Amino acid sequence: MCGICGFNWADQNLVRKMAYAIRHRGPDQEGYFVEDSVSFGHKRLSIIDLSEKGRQPMSNEDGSVWITFNGEIYNHQEIRPDLEKKGHKFISDTDTEVIIHAYEEYGENCLKLFNGMFAFAIWDANKKRLFLARDRFGQKYLYYYCKDGKFLFASEIKALLQCSEIKKEFNESTLSQFITWAYAIDGGTFFKDIYALGPGHYMVYDVVSKSVNVKKYWDLQDNLKTITNPRSEDYYVKRLRDLLLKSVERRLMSDVPLGASLSGGLDSSLVVGMMSHLRGKNIKTYTVGFGRDDDEFPYAKRVADHCGAEYNELVLSFDTMTKSMPQVLWSLEIPNARPAQPVIYYLLKEIQKNLTVNLVGEGADELFSGYNRYQVYAPLPKYSSIYEQSEFNRKWWQNFKRYEQMDIKQKINMITSGYFNDEEERKAVFADEILGKLPEHCTVEKSFGKVLRQSDKENYLNAALCFEGKTSLEGVQLIKLDKLSMASSLEVRAPFLDHNVAEFSMEIPPQLKWNGLDKKYILQKVAREFIPEMNASRKKLPLQVPLMDYYKTDFMEVIEGLLSEKNINKRPYLKKDYVLKLIKRFKENQNLFSSNPALPTSDNALRQLLFLTNLELMQRMFFENDDLKNPSMDINKYIN
């Protein structure tokens with residue numbers, strides 16, 4: 001894994017400054033290529049072919065094609081023989097060189113060959129153009145700026161901001177999307193004129209005409225079809241098993257130490273189980289918790305013991321969480337409301353002390369129906385007496401019947417996973433001007449509504465999962481994996497996001513994903529071969545962060561320091577009364593549960609406070625800070 005950057009003119013000093021800003025992504029090597037029409041920078045984390053032959057930027061034999069590449073092409077050894085037969089000469093064992101020759105041979109269509117995660121830029125000197133691409137799901141980020149004849153790109157926004165011609169202007173449109181979705185769905189960032197290239201997209205920049213053309217080369221939605229003649233359950237289970245095993249096997253390719261993070265839940269446990277099946281024992285696994293009774297340590301240890309894996313527990317303190325806030329925000333480059341982000345940062349940072357590559361279970365929830373909110377789209381099961389055997393079961397059955405009667409407009413509006421979902425709530429927190437900045441194509445109706453209305457009712461669940469796989473997955477999960485892992489120079493691989501697995505997931509009947517009371521039913525069936533039954537059928541739980549205790553003992557001082565009345569008055573997008581009332585109610589230990597729709601329930605209120613606190617911290621770190629080369633990571637520097 002690496003950091004890449006560049007632009008469409010010659011400037012050795014600037015490209016070095018940009019590379020330095022993302023030096024954490026590649027501590028092993030650095031390299032530069034500069035000529036009249038292009039400057040490339042590269043910071044390398046060596047994974048495949050650790051020799052000097054793997055140094056980037058890398059060129060073809062005659063120097064007419066240059067590349068700066070971040071990622072892994074898992075099937076590069078399968079692609080290489082055909083290129084060699086066509087006369088291409090290789091001097092290294094790297095996947096980078098395979099991309100160069102595949103581009104020479106197939107042009108833009110080379111992207112269809114690659115199984116992997118990647119972001120790269122190619123300079124084609126003969127055609128006088130830059131060719132940039134991002135992997136199908138967007139596991140690797142690629143940002144760009146194109147204005148007034150200047151074209152720049154980088155793995156992270158902070159690298160682009162090293163260019164003095166890029167103004168740090170707050171993007172209110174992106175804030176409006178975060179209010180609705182908790183992420184941006186149109187490629188926008190919190191910085192005006194800086195965009196993320198979309199997953200499954202490539203772009204061509206012509207340095208002569210200074211024109212840019214963006215195209216899509218892959219879309220999960222192309223595989224979304226109503227399943228009219230489903231096959232047997234055994235067929236889907238066996239096919240999924242084989243595809244997942246192949247995906248895990250591909251992701252074991254490495255010339256450096258490799259292991260896995262393990263929560264004890266279904267997804268990460270299945271990955272570890274398959275790693276053990278393929279590699280045998282002695283796999284290193286890591287689990288994080290707070291030293292509390294509700295930690296996942298017992299569940300993770302059961303899996304590790306079953307698989308003969310090395311088991312490591314990491315205990316995180318509240319103080320460490322708070323101190324990591326600036327580093328997490330600086331890495332993510334977005335304000336988040338996910339309390340697990342500092343936990344993940346700590347986990348990956350500790351893993352990196354012993355490993356260079358780490359496998360994870362992300363992607364399974366979005367592709368195979370792991371979240372409760374997907375129940376509204378799930379097929380109504382046949383009645384079973386089990387639905388009356390407990391209060392929990394009765395609730396689920398009643399929800400099924402209620403959702404069955406719900407009209408499509410209501411179903412469309414229930415897809416969002418943000419923390420300001422209620423209209424009255426949004427109006428109480430944010431200024432009307434900001435709420436009016438939501439682009440028409442980013443509204444729930446124009447985005448998800450378009451997908452769901454084109455689907456048959458029997459396939460609503462797959463339609464919802466497809467949409468989430470294209471939006472929420474990138475906006476919430478993948479930005480975390482890329483940015484927080486690379487902050488510690490650790491490569492993270494997600495077997496569930498192999499495009500062959502994802503495409504097949506759209507062929508699986510919805511009733512095999514949400515079956516009665518069982519979410520991810522088909523994954524449970526696959527998992528029973530590799531992990532203990534208790535873990536295979538375990539109820540889905542988020543990473544357990546004791547928010548109430550954390551806020552009371554450690555975090556309240558940070559909230560009050562950043563969200564003081566004086567600071568809120570400086571932010572025209574916020575309504576002061578609501579925010580101060582929320583803080584006051586929590587400080588006075590009042591019950592945060594309320595029947596008033598304008599006042600959120602306890603957990604949601606805490607996440608709202610977390611988002612607003614991070615939003616203010618972002619203003620301080622990025623927009624009101626002139627030192628974007630070495631900003632302070634001391635949380636106390638930003639509190640006043």
# chains A, B, ... in the order shown; residues from 1 in each chain; ligands from 1

call {"tool": "residues_around", "arguments": {"residues": "Leu329 of chain A", "least_positions_apart": "2", "cutoff": "10 Å", "atoms": "only C-alpha atoms", "output": "JSON, numbers by chain"}}
result
{"A": [324, 325, 326, 327, 331, 332, 333, 334, 335, 336, 341, 342, 483, 484, 614, 615, 617, 618, 621, 622, 633]}

call {"tool": "atom_distance", "arguments": {"atom1": "atom CA of Pro572 of chain A", "atom2": "atom CA of Leu610 of chain A"}}
result
18.8 Å

call {"tool": "select_by_dssp", "arguments": {"residues": "segment 161-396 of chain A", "states": "alpha helix (DSSP H)", "output": "PyMOL selection string"}}
result
chain A and resi 172-181+233-250+266-279+297-307+318-323+325-332+340-351+364-368+391-396

call {"tool": "closest_residue", "arguments": {"among": "A:Ala502, A:Leu473, A:Leu562, A:Ala527", "to": "Leu243 of chain A", "atoms": "only C-alpha atoms"}}
result
A:Ala502

call {"tool": "residues_around", "arguments": {"residues": "Val98 of chain A", "least_positions_apart": "6", "cutoff": "12 Å", "atoms": "only C-alpha atoms", "output": "PyMOL selection string"}}
result
chain A and resi 54+58-60+67+69+72-84+88-92+104-106+110-111+113-114
